[in-house]
Amino acid sequence: MELQLAGASGSAGKVSVSDAAFSRDFNESLIHQMVTAYLSAGRAGTHAQKTRSEVRGGGRKPFSQKGSGRARAGTIRSPLWRGGGKIFAAVTQDYSQKVNKKMYRAALSSILSELIRQDRLVVVNEFKAATPKTKDVVAQLKKLSMTKGLIVTDATDNNLQLATRNIPHVDTCSARQVNPVNLIGADKVLMTVAALKQIEEMLA
């Protein structure tokens, strides 16, 4: 299939891409699974609490079993006492899910294909920032009728990152950093031809 380059016309203003990578049906359940797995992998999982056996102290019975008029107690580290252990203590755990590479690539391909069908993928020859000035990038985006979205380049551009960090709802990343979350969360995706070819190789 062929994609039209923004701001260009004629056969010279088109780029050919693989049908297998950019004409896939929208698989909602697969995309949901991959998005959930991606977000779960980002969780630290370092939360931890102590049970009554892990809290320091409480080895001696605080008072006699009988005669005090109080409820019987065997340790001051009971979950019922202040400073005691937790009944169902949170433990450190790994939230990451096993992701099949073939399924992950299929999810990316499905998202990109849907972006093309909805005219939310904007392809340009190149998109650079000569200087780290926000107003220059805003002017370039305005020419493309784009006020918010994701900018994908073939390599990390420090000037572009510095110029876009103050623009609300505009993010930048390299082709290697593209993931299901930033793709589906973008209103529009602006992608250079070089980045498009890199992603096509990744999805092959």
# chains A, B, ... in the order shown; residues from 1 in each chain; ligands from 1
>>> residues_around(residues="Gln4 of chain A", least_positions_apart="3", cutoff="8 Å", atoms="only C-alpha atoms", output="list in words")
Ala8, Ser9, Gly13, Lys14, Val15 and Val123 of chain A
>>> residues_around(residues="Asp119 of chain A", least_positions_apart="4", cutoff="10 Å", atoms="only C-alpha atoms", output="PyMOL selection string")
chain A and resi 113-115+188-189
>>> write_last_selection(atoms="C-alpha atoms", output="PDB file, in the first residue's frame")
ATOM      1  CA  SER A 113      -3.397   0.167  10.665  1.00  0.00           C
ATOM      2  CA  GLU A 114      -6.307   1.706  12.540  1.00  0.00           C
ATOM      3  CA  LEU A 115      -4.506   5.063  12.706  1.00  0.00           C
ATOM      4  CA  LYS A 188      -2.446  12.086  15.950  1.00  0.00           C
ATOM      5  CA  VAL A 189       0.884  10.430  15.208  1.00  0.00           C
TER       6      VAL A 189
END
>>> residues_around(residues="Thr156 of chain A", least_positions_apart="3", cutoff="9 Å", atoms="only C-alpha atoms", output="ChimeraX atom specification")
/A:153,160-161,172-175
>>> select_by_dssp(residues="segment 85-160 of chain A", states="helix (DSSP H, G or I)", output="JSON, numbers by chain")
{"A": [101, 102, 103, 104, 105, 106, 107, 108, 109, 110, 111, 112, 113, 114, 115, 116, 117, 134, 135, 136, 137, 138, 139, 140, 141, 142, 143, 158, 159, 160]}
>>> residues_around(residues="Ala194 of chain A", least_positions_apart="5", cutoff="8 Å", atoms="only C-alpha atoms", output="mmCIF file with N, CA and C atoms, in the first residue's frame")
data_model
loop_
_atom_site.group_PDB
_atom_site.id
_atom_site.type_symbol
_atom_site.label_atom_id
_atom_site.label_comp_id
_atom_site.auth_asym_id
_atom_site.auth_seq_id
_atom_site.Cartn_x
_atom_site.Cartn_y
_atom_site.Cartn_z
ATOM 1 N N ASN A 125 8.547 13.732 5.205
ATOM 2 C CA ASN A 125 9.907 13.345 4.826
ATOM 3 C C ASN A 125 10.845 13.443 6.008
ATOM 4 N N GLU A 126 10.807 14.568 6.700
ATOM 5 C CA GLU A 126 11.626 14.744 7.894
ATOM 6 C C GLU A 126 10.992 15.787 8.799
ATOM 7 N N THR A 153 10.447 9.979 15.384
ATOM 8 C CA THR A 153 11.579 10.168 14.488
ATOM 9 C C THR A 153 12.427 8.899 14.467
ATOM 10 N N ASP A 154 13.340 8.824 13.493
ATOM 11 C CA ASP A 154 14.164 7.619 13.383
ATOM 12 C C ASP A 154 15.208 7.531 14.486
#
>>> residues_around(residues="Arg56 of chain A", least_positions_apart="5", cutoff="10 Å", atoms="only C-alpha atoms", output="PyMOL selection string")
chain A and resi 50+77+83-85
>>> write_last_selection(atoms="N, CA and C atoms", output="PDB file, in the first residue's frame")
ATOM      1  N   LYS A  50       4.612  -5.666  57.140  1.00  0.00           N
ATOM      2  CA  LYS A  50       5.047  -6.759  58.000  1.00  0.00           C
ATOM      3  C   LYS A  50       3.855  -7.442  58.674  1.00  0.00           C
ATOM      4  N   ARG A  77       2.217  -7.074  69.597  1.00  0.00           N
ATOM      5  CA  ARG A  77       2.351  -6.938  68.142  1.00  0.00           C
ATOM      6  C   ARG A  77       1.184  -7.584  67.389  1.00  0.00           C
ATOM      7  N   GLY A  83       0.873  -0.411  66.280  1.00  0.00           N
ATOM      8  CA  GLY A  83       2.254  -0.857  66.117  1.00  0.00           C
ATOM      9  C   GLY A  83       2.371  -2.341  65.828  1.00  0.00           C
ATOM     10  N   GLY A  84       1.231  -3.010  65.753  1.00  0.00           N
ATOM     11  CA  GLY A  84       1.264  -4.442  65.460  1.00  0.00           C
ATOM     12  C   GLY A  84       1.382  -4.723  63.967  1.00  0.00           C
ATOM     13  N   GLY A  85       1.465  -6.000  63.632  1.00  0.00           N
ATOM     14  CA  GLY A  85       1.575  -6.395  62.239  1.00  0.00           C
ATOM     15  C   GLY A  85       0.252  -6.274  61.496  1.00  0.00           C
TER      16      GLY A  85
END
>>> select_by_dssp(residues="chain A", states="strand (DSSP E)", output="list in words")
Glu2, Leu3, Gln4, Lys14, Val15, Ser16, Leu121, Val122, Val123, Val124, Gly149, Leu150, Ile151, Val152, Thr153, Val170, Asp171, Thr172, Cys173, Ser174, Val189, Leu190, Met191 and Thr192 of chain A
>>> write_last_selection(atoms="C-alpha atoms", output="PDB file, in the first residue's frame")
ATOM      1  CA  GLU A   2       1.038   3.629  -0.437  1.00  0.00           C
ATOM      2  CA  LEU A   3       0.818   6.448   2.101  1.00  0.00           C
ATOM      3  CA  GLN A   4       0.554  10.087   1.115  1.00  0.00           C
ATOM      4  CA  LYS A  14       3.944   8.839  -1.655  1.00  0.00           C
ATOM      5  CA  VAL A  15       5.779   6.124   0.264  1.00  0.00           C
ATOM      6  CA  SER A  16       5.204   2.395  -0.151  1.00  0.00           C
ATOM      7  CA  LEU A 121      -1.148   9.003  10.943  1.00  0.00           C
ATOM      8  CA  VAL A 122       0.730  11.916   9.380  1.00  0.00           C
ATOM      9  CA  VAL A 123       3.846  10.971   7.391  1.00  0.00           C
ATOM     10  CA  VAL A 124       6.498  13.552   6.477  1.00  0.00           C
ATOM     11  CA  GLY A 149      -0.103  14.165  19.355  1.00  0.00           C
ATOM     12  CA  LEU A 150       3.026  12.033  19.149  1.00  0.00           C
ATOM     13  CA  ILE A 151       6.090  12.818  17.026  1.00  0.00           C
ATOM     14  CA  VAL A 152       8.110   9.760  15.991  1.00  0.00           C
ATOM     15  CA  THR A 153      11.579  10.168  14.488  1.00  0.00           C
ATOM     16  CA  VAL A 170       2.792  16.784  22.447  1.00  0.00           C
ATOM     17  CA  ASP A 171       5.329  14.008  23.016  1.00  0.00           C
ATOM     18  CA  THR A 172       8.341  12.798  21.059  1.00  0.00           C
ATOM     19  CA  CYS A 173      10.036   9.432  20.794  1.00  0.00           C
ATOM     20  CA  SER A 174      12.238   7.430  18.461  1.00  0.00           C
ATOM     21  CA  VAL A 189       0.884  10.430  15.208  1.00  0.00           C
ATOM     22  CA  LEU A 190       3.431  12.361  13.164  1.00  0.00           C
ATOM     23  CA  MET A 191       6.047  10.026  11.728  1.00  0.00           C
ATOM     24  CA  THR A 192       9.040  10.578   9.459  1.00  0.00           C
TER      25      THR A 192
END
>>> closest_residue(among="A:Ile111, A:Ala20, A:Ala6, A:Ala41", to="Ser96 of chain A", atoms="only C-alpha atoms")
A:Ala41
>>> closest_residue(among="A:Arg52, A:Arg82, A:Arg60, A:Lys101", to="Ala204 of chain A", atoms="only C-alpha atoms")
A:Lys101
>>> atom_distance(atom1="atom CA of Lys61 of chain A", atom2="atom CA of Ile76 of chain A")
7.7 Å
>>> residues_around(residues="Gln49 of chain A", least_positions_apart="2", cutoff="10 Å", atoms="only C-alpha atoms", output="PyMOL selection string")
chain A and resi 47+51+54-55+85-92
>>> decode(residues="segment 54-73 of chain A", atoms="N, CA and C atoms", output="mmCIF file, in the first residue's frame")
data_model
loop_
_atom_site.group_PDB
_atom_site.id
_atom_site.type_symbol
_atom_site.label_atom_id
_atom_site.label_comp_id
_atom_site.auth_asym_id
_atom_site.auth_seq_id
_atom_site.Cartn_x
_atom_site.Cartn_y
_atom_site.Cartn_z
ATOM 1 N N GLU A 54 6.720 -10.689 61.835
ATOM 2 C CA GLU A 54 7.868 -9.938 61.318
ATOM 3 C C GLU A 54 8.116 -8.632 62.059
ATOM 4 N N VAL A 55 7.126 -8.152 62.814
ATOM 5 C CA VAL A 55 7.278 -6.903 63.561
ATOM 6 C C VAL A 55 8.173 -7.144 64.770
ATOM 7 N N ARG A 56 9.115 -6.201 64.998
ATOM 8 C CA ARG A 56 10.051 -6.343 66.105
ATOM 9 C C ARG A 56 9.331 -6.187 67.442
ATOM 10 N N GLY A 57 9.687 -7.057 68.415
ATOM 11 C CA GLY A 57 9.133 -6.977 69.762
ATOM 12 C C GLY A 57 7.934 -7.890 69.935
ATOM 13 N N GLY A 58 7.305 -7.758 71.115
ATOM 14 C CA GLY A 58 6.105 -8.543 71.382
ATOM 15 C C GLY A 58 6.369 -9.963 71.810
ATOM 16 N N GLY A 59 7.570 -10.236 72.267
ATOM 17 C CA GLY A 59 7.875 -11.616 72.664
ATOM 18 C C GLY A 59 7.304 -12.000 74.016
ATOM 19 N N ARG A 60 7.057 -11.002 74.861
ATOM 20 C CA ARG A 60 6.556 -11.287 76.212
ATOM 21 C C ARG A 60 5.064 -11.008 76.272
ATOM 22 N N LYS A 61 4.381 -11.840 77.051
ATOM 23 C CA LYS A 61 2.949 -11.619 77.248
ATOM 24 C C LYS A 61 2.764 -10.305 78.015
ATOM 25 N N PRO A 62 1.953 -9.368 77.505
ATOM 26 C CA PRO A 62 1.891 -8.021 78.106
ATOM 27 C C PRO A 62 1.327 -7.988 79.522
ATOM 28 N N PHE A 63 0.370 -8.842 79.827
ATOM 29 C CA PHE A 63 -0.186 -8.893 81.181
ATOM 30 C C PHE A 63 -0.800 -10.269 81.394
ATOM 31 N N SER A 64 -1.162 -10.516 82.635
ATOM 32 C CA SER A 64 -1.684 -11.836 82.992
ATOM 33 C C SER A 64 -2.936 -12.180 82.213
ATOM 34 N N GLN A 65 -3.143 -13.479 82.069
ATOM 35 C CA GLN A 65 -4.296 -13.957 81.317
ATOM 36 C C GLN A 65 -5.598 -13.563 82.005
ATOM 37 N N LYS A 66 -5.570 -13.646 83.348
ATOM 38 C CA LYS A 66 -6.800 -13.387 84.100
ATOM 39 C C LYS A 66 -6.562 -12.340 85.188
ATOM 40 N N GLY A 67 -7.637 -11.740 85.631
ATOM 41 C CA GLY A 67 -7.578 -10.857 86.778
ATOM 42 C C GLY A 67 -7.482 -9.376 86.457
ATOM 43 N N SER A 68 -7.132 -9.009 85.223
ATOM 44 C CA SER A 68 -6.979 -7.584 84.918
ATOM 45 C C SER A 68 -8.282 -6.950 84.450
ATOM 46 N N GLY A 69 -9.223 -7.758 84.068
ATOM 47 C CA GLY A 69 -10.486 -7.240 83.553
ATOM 48 C C GLY A 69 -10.412 -6.856 82.084
ATOM 49 N N ARG A 70 -9.254 -7.003 81.494
ATOM 50 C CA ARG A 70 -9.082 -6.666 80.079
ATOM 51 C C ARG A 70 -9.170 -7.931 79.226
ATOM 52 N N ALA A 71 -9.320 -7.711 77.959
ATOM 53 C CA ALA A 71 -9.345 -8.860 77.053
ATOM 54 C C ALA A 71 -7.968 -9.504 77.034
ATOM 55 N N ARG A 72 -7.929 -10.813 76.970
ATOM 56 C CA ARG A 72 -6.659 -11.532 76.997
ATOM 57 C C ARG A 72 -5.807 -11.155 75.767
ATOM 58 N N ALA A 73 -4.511 -11.068 75.978
ATOM 59 C CA ALA A 73 -3.588 -10.704 74.908
ATOM 60 C C ALA A 73 -2.279 -11.450 75.093
#
